[in-house]
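Colleague: What follows is protein-v1.txt, made up of compact mmCIF, C-alpha atoms:
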```
# COMPACT_ATOMS: atom_id res chain seq x y z
CA MET A 1 5.16 61.34 39.56
CA THR A 2 4.29 57.71 40.25
CA PRO A 3 6.85 55.23 38.99
CA ASN A 4 5.49 52.73 36.48
CA LEU A 5 5.90 49.52 38.47
CA PRO A 6 5.61 46.21 36.68
CA GLU A 7 2.42 44.38 37.43
CA THR A 8 2.50 41.45 39.79
CA ASP A 9 1.54 37.97 38.68
CA ASP A 10 -1.71 38.23 40.58
CA GLU A 11 -2.66 41.47 38.83
CA LEU A 12 -1.79 40.01 35.45
CA LEU A 13 -3.80 36.92 36.25
CA ILE A 14 -6.89 38.98 37.11
CA ARG A 15 -6.59 40.86 33.83
CA MET A 16 -5.94 37.64 31.96
CA ARG A 17 -9.06 36.05 33.39
CA SER A 18 -11.09 38.98 32.14
CA GLY A 19 -9.88 38.20 28.61
CA ASP A 20 -6.90 40.56 28.36
CA GLU A 21 -4.54 39.08 25.76
CA GLN A 22 -1.66 41.37 26.71
CA ALA A 23 -1.84 40.18 30.29
CA PHE A 24 -1.63 36.57 29.17
CA VAL A 25 1.32 37.31 26.90
CA ALA A 26 3.10 39.13 29.75
CA LEU A 27 2.52 36.21 32.10
CA TYR A 28 3.66 33.71 29.50
CA ARG A 29 6.82 35.61 28.65
CA GLY A 30 7.68 36.02 32.29
CA ARG A 31 7.30 32.34 33.18
CA GLN A 32 7.73 30.18 30.11
CA ALA A 33 11.51 29.93 30.13
CA ALA A 34 11.78 28.58 33.67
CA ILE A 35 9.01 26.06 33.07
CA TYR A 36 10.55 24.95 29.79
CA ARG A 37 14.03 24.62 31.31
CA PHE A 38 12.67 22.70 34.29
CA ALA A 39 10.97 20.20 31.97
CA LEU A 40 14.06 20.01 29.80
CA HIS A 41 16.40 19.32 32.73
CA MET A 42 13.99 16.77 34.13
CA SER A 43 13.24 14.88 30.94
CA GLY A 44 16.29 15.50 28.78
CA SER A 45 13.95 15.91 25.85
CA ALA A 46 13.21 19.15 24.02
CA THR A 47 10.02 17.64 22.64
CA VAL A 48 8.75 16.70 26.07
CA ALA A 49 9.75 20.09 27.46
CA GLU A 50 7.78 21.89 24.76
CA ASP A 51 4.75 19.68 25.34
CA VAL A 52 4.93 20.23 29.07
CA ALA A 53 5.25 24.00 28.71
CA GLN A 54 2.27 24.01 26.38
CA GLU A 55 0.13 21.93 28.73
CA VAL A 56 1.08 24.04 31.73
CA PHE A 57 -0.11 27.27 30.12
CA LEU A 58 -3.17 25.61 28.63
CA ALA A 59 -4.09 24.52 32.15
CA LEU A 60 -3.66 28.13 33.25
CA ILE A 61 -5.85 29.35 30.38
CA ARG A 62 -8.57 26.82 31.13
CA GLU A 63 -8.26 27.36 34.88
CA GLU A 64 -8.30 23.56 35.20
CA CYS A 65 -6.22 23.34 38.33
CA GLY A 66 -7.73 26.21 40.25
CA PHE A 67 -4.81 28.43 41.19
CA ASP A 68 -5.34 30.01 44.58
CA PRO A 69 -3.01 32.94 45.43
CA GLN A 70 -3.62 32.26 49.12
CA ARG A 71 -1.89 28.89 48.86
CA GLY A 72 1.24 29.83 46.96
CA THR A 73 2.82 31.81 44.18
CA LEU A 74 1.89 31.53 40.54
CA SER A 75 5.44 30.43 39.82
CA GLY A 76 5.16 27.58 42.31
CA TYR A 77 1.77 26.64 40.89
CA LEU A 78 3.14 26.46 37.34
CA PHE A 79 6.19 24.47 38.46
CA GLY A 80 3.85 22.11 40.26
CA ILE A 81 1.82 21.43 37.12
CA ALA A 82 4.99 21.03 35.07
CA ARG A 83 6.38 18.56 37.59
CA LYS A 84 3.25 16.42 37.45
CA LEU A 85 3.30 16.40 33.67
CA VAL A 86 6.98 15.49 33.54
CA LEU A 87 6.50 12.71 36.08
CA ARG A 88 3.59 11.38 34.05
CA HIS A 89 5.82 11.31 31.02
CA LEU A 90 8.66 9.63 32.89
CA GLU A 91 6.38 7.00 34.36
CA ARG A 92 4.76 6.33 31.02
CA GLY A 93 7.67 6.08 28.70
CA ARG A 94 11.00 6.07 30.43
CA PRO A 95 12.82 4.54 33.36
CA ASP A 96 13.35 6.67 36.44
CA VAL A 97 16.88 7.50 35.45
CA ALA A 98 16.99 8.99 32.00
CA LEU A 99 20.12 7.95 30.19
CA GLU A 100 19.43 9.22 26.73
CA THR A 101 18.57 12.66 25.57
CA ASP A 102 17.27 13.97 22.32
CA LEU A 103 18.92 17.32 22.81
CA GLU A 104 20.68 18.50 19.76
CA SER A 105 23.99 20.18 20.27
CA SER A 106 22.63 23.26 18.52
CA ALA A 107 19.95 23.57 21.17
CA LEU A 108 22.51 23.85 23.92
CA PRO A 109 23.84 27.23 24.92
CA GLU A 110 27.41 28.13 24.18
CA LEU A 111 29.49 27.55 27.27
CA VAL A 112 32.20 29.84 28.49
CA VAL A 113 35.66 28.37 28.99
CA ASN A 114 37.33 29.38 32.20
CA ASP A 115 40.89 28.93 33.30
CA ASP A 116 40.13 28.81 36.99
CA PRO A 117 42.31 25.96 38.28
CA LEU A 118 39.82 25.14 41.05
CA ALA A 119 36.86 24.88 38.77
CA ASP A 120 37.25 21.56 37.01
CA LEU A 121 33.62 21.73 36.07
CA ILE A 122 33.74 25.03 34.32
CA ASP A 123 34.95 23.94 30.97
CA ARG A 124 32.45 22.95 28.32
CA GLU A 125 33.09 19.27 28.81
CA GLY A 126 32.75 19.55 32.56
CA ILE A 127 29.46 21.45 32.38
CA GLU A 128 28.06 18.95 29.92
CA ALA A 129 29.14 16.10 32.21
CA LEU A 130 27.45 17.87 35.10
CA ARG A 131 24.22 18.27 33.10
CA ARG A 132 24.26 14.59 32.24
CA SER A 133 24.92 13.70 35.86
CA VAL A 134 21.93 15.80 36.94
CA LEU A 135 19.80 14.07 34.31
CA ALA A 136 20.95 10.67 35.56
CA LEU A 137 19.99 11.40 39.18
CA PRO A 138 17.00 9.54 40.56
CA ARG A 139 13.88 11.61 39.98
CA ARG A 140 13.34 12.79 43.55
CA TYR A 141 16.89 14.13 43.75
CA ARG A 142 16.91 15.50 40.23
CA GLU A 143 13.88 17.69 40.83
CA VAL A 144 15.33 19.39 43.90
CA VAL A 145 18.62 20.11 42.15
CA VAL A 146 16.84 21.50 39.11
CA LEU A 147 14.49 23.62 41.19
CA CYS A 148 16.85 24.87 43.88
CA ASP A 149 20.27 24.91 42.20
CA LEU A 150 19.47 25.51 38.55
CA GLU A 151 16.24 27.54 38.72
CA GLU A 152 17.13 29.14 42.05
CA VAL A 153 13.74 28.52 43.57
CA ASP A 154 13.83 29.07 47.32
CA TYR A 155 13.34 26.11 49.65
CA GLY A 156 9.87 27.21 50.72
CA GLU A 157 8.57 27.39 47.18
CA ALA A 158 10.30 24.13 46.28
CA ALA A 159 8.54 22.50 49.22
CA PHE A 160 5.23 23.86 47.86
CA VAL A 161 5.98 22.53 44.39
CA LEU A 162 7.04 19.11 45.65
CA GLY A 163 4.33 18.91 48.29
CA CYS A 164 6.73 18.10 51.10
CA PRO A 165 8.23 19.83 54.17
CA ILE A 166 11.18 22.20 53.77
CA GLY A 167 13.31 19.78 55.78
CA THR A 168 12.71 17.13 53.15
CA VAL A 169 13.83 19.53 50.45
CA ARG A 170 17.05 20.20 52.36
CA SER A 171 17.81 16.55 52.98
CA ARG A 172 17.09 15.57 49.37
CA LEU A 173 19.28 18.39 48.16
CA HIS A 174 22.10 17.26 50.42
CA ARG A 175 21.80 13.71 49.16
CA ALA A 176 21.50 14.85 45.55
CA ARG A 177 24.72 16.84 45.76
CA ALA A 178 26.51 13.90 47.31
CA LEU A 179 25.30 11.71 44.45
CA LEU A 180 26.48 14.27 41.93
CA LEU A 181 29.94 14.36 43.50
CA GLU A 182 30.01 10.59 43.38
CA LYS A 183 29.06 10.49 39.71
CA LEU A 184 31.53 13.20 38.82
CA SER A 185 34.29 11.48 40.80
CA GLN A 186 33.75 8.39 38.72
CA ARG A 187 34.13 10.52 35.63
CA TRP A 188 37.34 12.12 36.92
CA GLN A 189 38.76 8.73 37.75
CA HIS A 190 38.22 7.64 34.18
CA ARG A 191 39.97 10.64 32.71
CA PRO A 192 43.39 9.89 31.23
CA GLY A 193 46.16 10.63 33.71
CA ALA A 194 43.80 11.25 36.58
CA MET A 195 44.80 10.14 40.06
CA ALA A 196 42.61 7.51 41.56
CA LEU A 197 40.48 9.03 44.30
CA LYS A 198 39.93 7.00 47.42
CA PRO A 199 36.73 7.28 49.39
CA ILE A 200 37.23 9.79 52.15
CA ARG A 201 35.74 9.72 55.57
CA CYS A 202 36.43 12.16 58.33
CA LEU A 203 34.59 12.67 61.58
CA ILE A 204 34.60 16.37 62.34
CA MET B 1 26.03 24.19 49.33
CA PRO B 2 26.98 21.15 51.35
CA GLU B 3 27.77 21.17 54.97
CA LEU B 4 31.51 21.50 54.79
CA ALA B 5 31.19 24.84 53.10
CA HIS B 6 28.98 26.10 55.93
CA GLN B 7 31.29 24.64 58.51
CA ALA B 8 34.20 26.39 56.91
CA GLU B 9 32.33 29.66 57.12
CA ASP B 10 31.59 28.91 60.76
CA GLY B 11 35.26 29.12 61.62
CA ARG B 12 36.13 25.47 61.34
CA LEU B 13 38.67 26.07 58.61
CA ASP B 14 41.37 25.09 61.04
CA HIS B 15 40.34 21.46 60.78
CA VAL B 16 40.07 21.64 57.02
CA ARG B 17 43.61 23.03 56.87
CA GLU B 18 44.88 20.11 58.90
CA CYS B 19 42.83 17.35 57.25
CA PRO B 20 43.66 16.71 53.61
CA ALA B 21 40.60 14.48 53.15
CA CYS B 22 38.19 17.16 54.32
CA ALA B 23 40.06 19.78 52.33
CA ALA B 24 39.66 17.68 49.21
CA LEU B 25 35.99 17.15 49.91
CA LEU B 26 35.43 20.86 50.52
CA ASN B 27 37.22 21.63 47.32
CA ARG B 28 35.05 19.24 45.36
CA GLN B 29 31.91 20.65 46.92
CA ARG B 30 33.00 24.14 45.95
CA ASN B 31 33.65 22.95 42.44
CA LEU B 32 30.22 21.41 42.29
CA ALA B 33 28.63 24.63 43.49
CA LEU B 34 30.52 26.60 40.88
CA GLY B 35 29.58 24.09 38.20
CA LEU B 36 25.90 24.22 39.08
CA ARG B 37 25.94 28.01 39.07
CA ARG B 38 27.65 28.02 35.70
CA LEU B 39 25.23 25.46 34.30
CA ALA B 40 22.30 27.58 35.50
CA ALA B 41 23.85 30.72 34.01
CA ASP B 42 24.58 29.09 30.68
CA TRP B 43 21.04 27.75 30.42
CA ARG B 44 19.41 31.04 31.38
CA SER B 45 18.96 31.92 27.74
CA VAL B 46 17.19 28.64 26.98
CA GLU B 47 13.47 29.12 26.49
CA ALA B 48 10.49 27.55 24.81
CA PRO B 49 10.32 27.79 21.00
CA ALA B 50 8.70 30.97 19.69
CA ARG B 51 5.94 29.00 17.96
CA LEU B 52 4.59 28.01 21.35
CA GLU B 53 3.69 31.58 22.23
CA SER B 54 1.59 32.03 19.11
CA LYS B 55 -0.14 28.67 19.64
CA LEU B 56 -0.96 29.49 23.23
CA THR B 57 -2.08 33.02 22.43
CA ALA B 58 -4.47 31.61 19.84
CA ALA B 59 -5.72 29.12 22.42
CA PHE B 60 -6.18 31.92 24.92
CA LEU B 61 -8.15 34.02 22.45
CA GLY B 62 -10.30 31.02 21.59
CA GLN B 63 -10.96 30.32 25.24
CA ALA B 64 -11.64 33.98 25.99
CA GLY B 65 -14.06 34.09 23.07
CA LEU B 66 -16.00 31.23 24.57
CA THR B 67 -16.06 32.33 28.17
CA VAL B 68 -15.55 36.06 28.37
CA LEU B 69 -16.22 37.66 25.06
CA GLY B 70 -19.22 35.55 24.21
CA PRO B 71 -22.75 36.98 24.17
CA PRO B 72 -24.23 37.64 27.59
CA ALA B 73 -26.29 34.78 28.90
CA ARG B 74 -30.03 35.14 28.30
CA TRP B 75 -32.00 33.90 31.27
CA TRP B 76 -35.13 33.34 29.24
CA VAL B 77 -33.60 30.93 26.73
CA PRO B 78 -33.75 27.81 28.92
CA LEU B 79 -37.14 28.85 30.24
CA ALA B 80 -38.55 29.18 26.73
CA THR B 81 -37.05 25.84 25.77
CA TRP B 82 -38.76 24.08 28.66
CA ALA B 83 -42.05 25.86 27.94
CA ALA B 84 -41.96 24.78 24.29
CA ALA B 85 -41.20 21.20 25.29
CA ALA B 86 -44.09 21.17 27.76
CA ALA B 87 -46.49 22.59 25.15
CA ALA B 88 -45.46 19.93 22.65
CA MET B 89 -46.03 17.18 25.20
CA LEU B 90 -49.47 18.56 26.03
CA ALA B 91 -50.50 18.74 22.37
CA LEU B 92 -49.36 15.17 21.83
CA ALA B 93 -51.34 13.96 24.84
CA MET B 94 -54.51 15.74 23.63
CA PHE B 95 -54.15 14.19 20.21
CA LEU B 96 -53.79 10.72 21.64
CA VAL B 97 -56.75 11.06 24.00
CA ARG B 98 -59.22 12.64 21.55
CA ASP B 99 -58.55 11.06 18.22
CA ARG B 100 -57.64 7.54 19.06
CA GLN B 101 -60.55 5.12 19.28
CA VAL B 102 -60.41 2.10 21.43
CA ALA B 103 -59.34 -0.65 19.13
CA PRO B 104 -60.42 -4.24 19.62
CA ALA B 105 -57.81 -6.48 21.09
CA HIS B 106 -55.38 -7.27 18.40
CA ARG B 107 -53.96 -10.72 18.06
CA THR B 108 -50.62 -11.15 16.58
CA ILE B 109 -50.64 -14.37 14.72
CA SER B 110 -47.56 -15.61 13.09
CA ASN B 111 -47.67 -17.23 9.72
CA ARG B 112 -47.42 -20.59 11.40
CA VAL B 113 -50.26 -19.96 13.87
CA GLN B 114 -53.77 -19.15 12.91
CA LEU B 115 -56.83 -18.58 14.97
CA ALA B 116 -58.84 -21.73 14.54
CA ALA B 117 -62.09 -20.53 16.02
CA VAL B 118 -63.42 -17.68 18.04
CA GLU B 119 -65.89 -19.95 19.66
CA PRO B 120 -64.69 -23.17 21.17
CA PRO B 121 -65.76 -26.25 19.29
CA ALA B 122 -68.54 -28.36 20.64
CA ASP B 123 -66.20 -31.08 21.72
CA LEU B 124 -64.54 -28.66 24.16
CA ASP B 125 -67.47 -29.05 26.51
CA MET B 126 -65.88 -32.12 27.88
CA LEU B 127 -62.91 -30.02 29.07
CA GLY B 128 -65.07 -28.59 31.81
CA ASP B 129 -63.86 -31.51 33.76
CA SER B 130 -60.39 -32.52 32.81
CA ALA B 131 -60.91 -35.82 34.50
CA ASN B 132 -63.54 -36.62 31.92
CA VAL B 133 -61.68 -35.59 28.87
CA GLU B 134 -62.74 -37.60 25.89
CA GLY B 135 -62.18 -37.34 22.20
CA ASP B 136 -58.82 -36.15 20.93
CA PHE B 137 -58.33 -33.07 23.19
CA ILE B 138 -55.74 -33.90 25.80
CA PRO B 139 -55.56 -31.86 29.01
CA LEU B 140 -52.05 -30.52 29.50
CA PRO B 141 -50.18 -31.62 32.59
CA ASN B 142 -50.33 -29.08 35.44
CA ALA B 143 -52.78 -26.89 33.51
CA ALA B 144 -55.48 -25.12 35.47
CA ARG B 145 -58.96 -26.51 35.42
CA ILE B 146 -61.30 -24.82 32.95
CA GLU B 147 -64.03 -23.05 34.82
CA PRO B 148 -67.64 -23.13 33.60
CA ASN B 149 -68.46 -20.13 31.38
CA GLU B 150 -64.77 -19.29 31.05
CA ASP B 151 -63.88 -17.53 27.80
CA LEU B 152 -61.77 -19.85 25.76
CA ASN B 153 -59.77 -19.42 22.64
CA LEU B 154 -58.67 -22.03 20.25
CA VAL B 155 -55.57 -21.54 18.20
CA ARG B 156 -54.14 -23.73 15.55
CA VAL B 157 -50.39 -24.07 15.57
CA GLU B 158 -47.71 -26.09 13.97
CA VAL B 159 -45.31 -27.78 16.34
CA PRO B 160 -42.53 -30.32 16.00
CA ARG B 161 -43.84 -33.84 16.19
CA SER B 162 -41.49 -34.44 19.13
CA ALA B 163 -43.87 -32.32 21.24
CA MET B 164 -46.31 -35.23 21.11
CA ILE B 165 -43.93 -37.43 23.08
CA ALA B 166 -44.59 -35.40 26.23
CA LEU B 167 -48.27 -36.29 25.94
CA GLY B 168 -47.74 -40.02 25.57
CA TYR B 169 -47.74 -40.42 21.82
CA ALA B 170 -45.25 -42.73 20.22
CA VAL B 171 -43.11 -40.83 17.73
CA SER B 172 -40.42 -42.47 15.65
CA GLU B 173 -37.04 -40.89 15.92
CA ASP B 174 -36.70 -40.14 12.24
CA ARG B 175 -39.98 -38.13 12.21
CA ALA B 176 -39.39 -36.27 15.47
CA SER B 177 -38.42 -33.05 13.73
CA GLU B 178 -41.36 -33.02 11.32
CA PRO B 179 -44.06 -30.41 11.94
CA VAL B 180 -47.54 -31.45 12.96
CA GLU B 181 -50.66 -29.31 13.23
CA ALA B 182 -52.29 -28.97 16.60
CA GLU B 183 -55.12 -27.05 18.18
CA VAL B 184 -54.47 -25.55 21.56
CA VAL B 185 -57.18 -24.45 23.94
CA LEU B 186 -56.23 -21.23 25.72
CA GLY B 187 -57.95 -20.15 28.88
CA ALA B 188 -59.00 -16.59 29.74
CA ASP B 189 -55.60 -16.12 31.33
CA GLY B 190 -53.93 -16.92 28.02
CA LEU B 191 -52.42 -20.16 29.25
CA ALA B 192 -52.78 -23.41 27.33
CA ARG B 193 -55.19 -25.93 28.83
CA ALA B 194 -55.52 -28.71 26.29
CA VAL B 195 -54.28 -29.70 22.90
CA ARG B 196 -55.17 -32.02 20.05
CA PHE B 197 -53.06 -33.06 17.12
CA PHE B 198 -54.03 -33.52 13.48
CA GLU B 199 -52.36 -36.27 11.60
```
What do you get writing this file as structure tokens?
Modeller:
Amino acid sequence: MTPNLPETDDELLIRMRSGDEQAFVALYRGRQAAIYRFALHMSGSATVAEDVAQEVFLALIREECGFDPQRGTLSGYLFGIARKLVLRHLERGRPDVALETDLESSALPELVVNDDPLADLIDREGIEALRRSVLALPRRYREVVVLCDLEEVDYGEAAFVLGCPIGTVRSRLHRARALLLEKLSQRWQHRPGAMALKPIRCLI
Amino acid sequence: MPELAHQAEDGRLDHVRECPACAALLNRQRNLALGLRRLAADWRSVEAPARLESKLTAAFLGQAGLTVLGPPARWWVPLATWAAAAAAMLALAMFLVRDRQVAPAHRTISNRVQLAAVEPPADLDMLGDSANVEGDFIPLPNAARIEPNEDLNLVRVEVPRSAMIALGYAVSEDRASEPVEAEVVLGADGLARAVRFFE
């Protein structure tokens, strides 16, 4: 008996292009959340994220951007469109570093409280501070953190999405994490009773 | 995660144990990694609003209806369209060639210009030689010489009195804008050759 394997994106895409509604729905359900979250993390706006997700799948429906399976995955292709749309929005209406969000607290997931003494960031306040720090990163660093750390896209696919070498992805990620630590350190320093942290430097 | 974590895994923990600064940095990097993982996990349930799926499905069905589910293309439709257009053009050309008679040259004369005479007046004979112009017809400056037997037309027009100044008449300033009747001799080429004014 042959196991009923799920269809690949390419197979679904072929069926979708022949007018199969179920194939489109399957593709949409499989990819929409990641695209929506990417746009939400990048823009900080639920409205923008919804618009971006809509435009991404409309582009897929209209075959406007000419997806070629030989050049990359469907996931990377969709992230690429979403990135361009988000950047267009950021360039049009907002400064590079987004400081305000229109996220309602009800739209945010419930966070789990953890007692781990090492994990200062794992309480609700810490995670929210981390999210805000990611949102406040310069765009080029924000997008690698969102793709690689939050959406767990591998470096190769991230390089395809960003249109740059893998080495650039790695270096931006390294710099982005350093910036996040810096931002979070500032936050810790401003907490009541916190010890002032001095800049550390060690040649090892 | 950042380099210190890798270095620690590479067996360089000894240094981290001895260096409080590096230990603190490693600890913070680990915290950041944990925080990012937790943020990703907590947001995993976040997805686009349900209304978007129905909107996009409707858009997909609309698009599929236009491109895939539409009627098969009929190759003869454009051909028939072009054939009908060509036939209409041909019929129009036949109508124009057969039924239209050659009309005499039509002069458009404004309400201020009237054809004074089909035949030139007798006193135009003197214009055969502009050097011998007599009477009240005045050869226009730089106008071509009127050839013998040239077909001439005479038109009567109304022009501002100020036009007379260019031909040497004295015109008072307060009457310069008044109209004055004039007859203009037109050559076969349609250009003015001479003019006379009527007071």
Colleague: Rounded to one decimal in Å, what is the spacing between atom CA of Val25 of chain A and atom CA of Phe160 of chain A?
Modeller: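 Here the two named atoms are 25.2 Å from each other.
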Colleague: Counting only C-alpha atoms, which of A:Arg124, A:Arg139, A:Arg187, A:His174 gets nearest to chain B?
Modeller: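 Closest residue, counting only C-alpha atoms: A:His174.
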Colleague: Using atom CA of Ala48 of chain B and atom CA of Gln32 of chain A as the two end points, give the distance in Å to one decimal.
Modeller: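 Atom-to-atom, atom CA of Ala48 of chain B to atom CA of Gln32 of chain A, that is 6.5 Å.
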Colleague: Find, counting all atoms listed in the file, the residue in A:Arg62, A:Arg71, A:Arg140, A:Arg92 that gets nearest to Arg17 of chain A.
Modeller: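 That would be A:Arg62, the residue with the smallest distance to Arg17 of chain A.
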Colleague: Counting all atoms listed in the file, figure out which residue out of B:Phe137, B:Trp82, B:Trp43, B:Phe197 gets nearest to chain A.
Modeller: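 Residue with the minimum atom-to-atom distance to chain A: B:Trp43.
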Colleague: Starting from chain B, keep only residues with some atom at most 8 Å from an atom of chain A, counting only C-alpha atoms, and report them as a PyMOL selection string.
Modeller: chain B and resi 2+15+21-22+25+27-29+31-32+34-40+42-43+45-49+52-53+56-57+59-61+63-64+68-69
Colleague: One number please: atom CA of Thr73 of chain A to atom CA of Val161 of chain A, in Å, one decimal.
Modeller: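 According to the coordinates, atom CA of Thr73 of chain A and atom CA of Val161 of chain A are separated by 9.8 Å.
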Colleague: Mind rebuilding segment 135-149 of chain B with N, CA and C atoms and writing that out as a PDB file, keeping the file's coordinate frame?
Modeller:
```pdb
ATOM      1  N   GLY B 135     -62.533 -37.797  23.537  1.00  0.00           N
ATOM      2  CA  GLY B 135     -62.180 -37.340  22.200  1.00  0.00           C
ATOM      3  C   GLY B 135     -60.691 -37.160  22.105  1.00  0.00           C
ATOM      4  N   ASP B 136     -60.256 -36.281  21.141  1.00  0.00           N
ATOM      5  CA  ASP B 136     -58.820 -36.150  20.930  1.00  0.00           C
ATOM      6  C   ASP B 136     -58.200 -34.937  21.610  1.00  0.00           C
ATOM      7  N   PHE B 137     -58.932 -34.147  22.405  1.00  0.00           N
ATOM      8  CA  PHE B 137     -58.330 -33.070  23.190  1.00  0.00           C
ATOM      9  C   PHE B 137     -57.683 -33.656  24.441  1.00  0.00           C
ATOM     10  N   ILE B 138     -56.482 -33.335  24.666  1.00  0.00           N
ATOM     11  CA  ILE B 138     -55.740 -33.900  25.800  1.00  0.00           C
ATOM     12  C   ILE B 138     -55.437 -32.765  26.787  1.00  0.00           C
ATOM     13  N   PRO B 139     -55.915 -32.885  28.014  1.00  0.00           N
ATOM     14  CA  PRO B 139     -55.560 -31.860  29.010  1.00  0.00           C
ATOM     15  C   PRO B 139     -54.049 -31.831  29.214  1.00  0.00           C
ATOM     16  N   LEU B 140     -53.504 -30.632  29.305  1.00  0.00           N
ATOM     17  CA  LEU B 140     -52.050 -30.520  29.500  1.00  0.00           C
ATOM     18  C   LEU B 140     -51.703 -30.767  30.956  1.00  0.00           C
ATOM     19  N   PRO B 141     -50.588 -31.386  31.204  1.00  0.00           N
ATOM     20  CA  PRO B 141     -50.180 -31.620  32.590  1.00  0.00           C
ATOM     21  C   PRO B 141     -50.023 -30.291  33.338  1.00  0.00           C
ATOM     22  N   ASN B 142     -50.459 -30.254  34.564  1.00  0.00           N
ATOM     23  CA  ASN B 142     -50.330 -29.080  35.440  1.00  0.00           C
ATOM     24  C   ASN B 142     -51.111 -27.864  34.968  1.00  0.00           C
ATOM     25  N   ALA B 143     -51.982 -28.044  33.951  1.00  0.00           N
ATOM     26  CA  ALA B 143     -52.780 -26.890  33.510  1.00  0.00           C
ATOM     27  C   ALA B 143     -53.936 -26.688  34.466  1.00  0.00           C
ATOM     28  N   ALA B 144     -54.370 -25.422  34.568  1.00  0.00           N
ATOM     29  CA  ALA B 144     -55.480 -25.120  35.470  1.00  0.00           C
ATOM     30  C   ALA B 144     -56.781 -25.709  34.918  1.00  0.00           C
ATOM     31  N   ARG B 145     -57.652 -25.962  35.808  1.00  0.00           N
ATOM     32  CA  ARG B 145     -58.960 -26.510  35.420  1.00  0.00           C
ATOM     33  C   ARG B 145     -59.735 -25.410  34.702  1.00  0.00           C
ATOM     34  N   ILE B 146     -60.483 -25.787  33.682  1.00  0.00           N
ATOM     35  CA  ILE B 146     -61.300 -24.820  32.950  1.00  0.00           C
ATOM     36  C   ILE B 146     -62.614 -24.624  33.704  1.00  0.00           C
ATOM     37  N   GLU B 147     -62.833 -23.347  34.048  1.00  0.00           N
ATOM     38  CA  GLU B 147     -64.030 -23.050  34.820  1.00  0.00           C
ATOM     39  C   GLU B 147     -65.240 -22.994  33.888  1.00  0.00           C
ATOM     40  N   PRO B 148     -66.430 -23.273  34.403  1.00  0.00           N
ATOM     41  CA  PRO B 148     -67.640 -23.130  33.600  1.00  0.00           C
ATOM     42  C   PRO B 148     -67.805 -21.686  33.159  1.00  0.00           C
ATOM     43  N   ASN B 149     -68.244 -21.456  31.968  1.00  0.00           N
ATOM     44  CA  ASN B 149     -68.460 -20.130  31.380  1.00  0.00           C
ATOM     45  C   ASN B 149     -67.166 -19.344  31.186  1.00  0.00           C
TER      46      ASN B 149
END
```
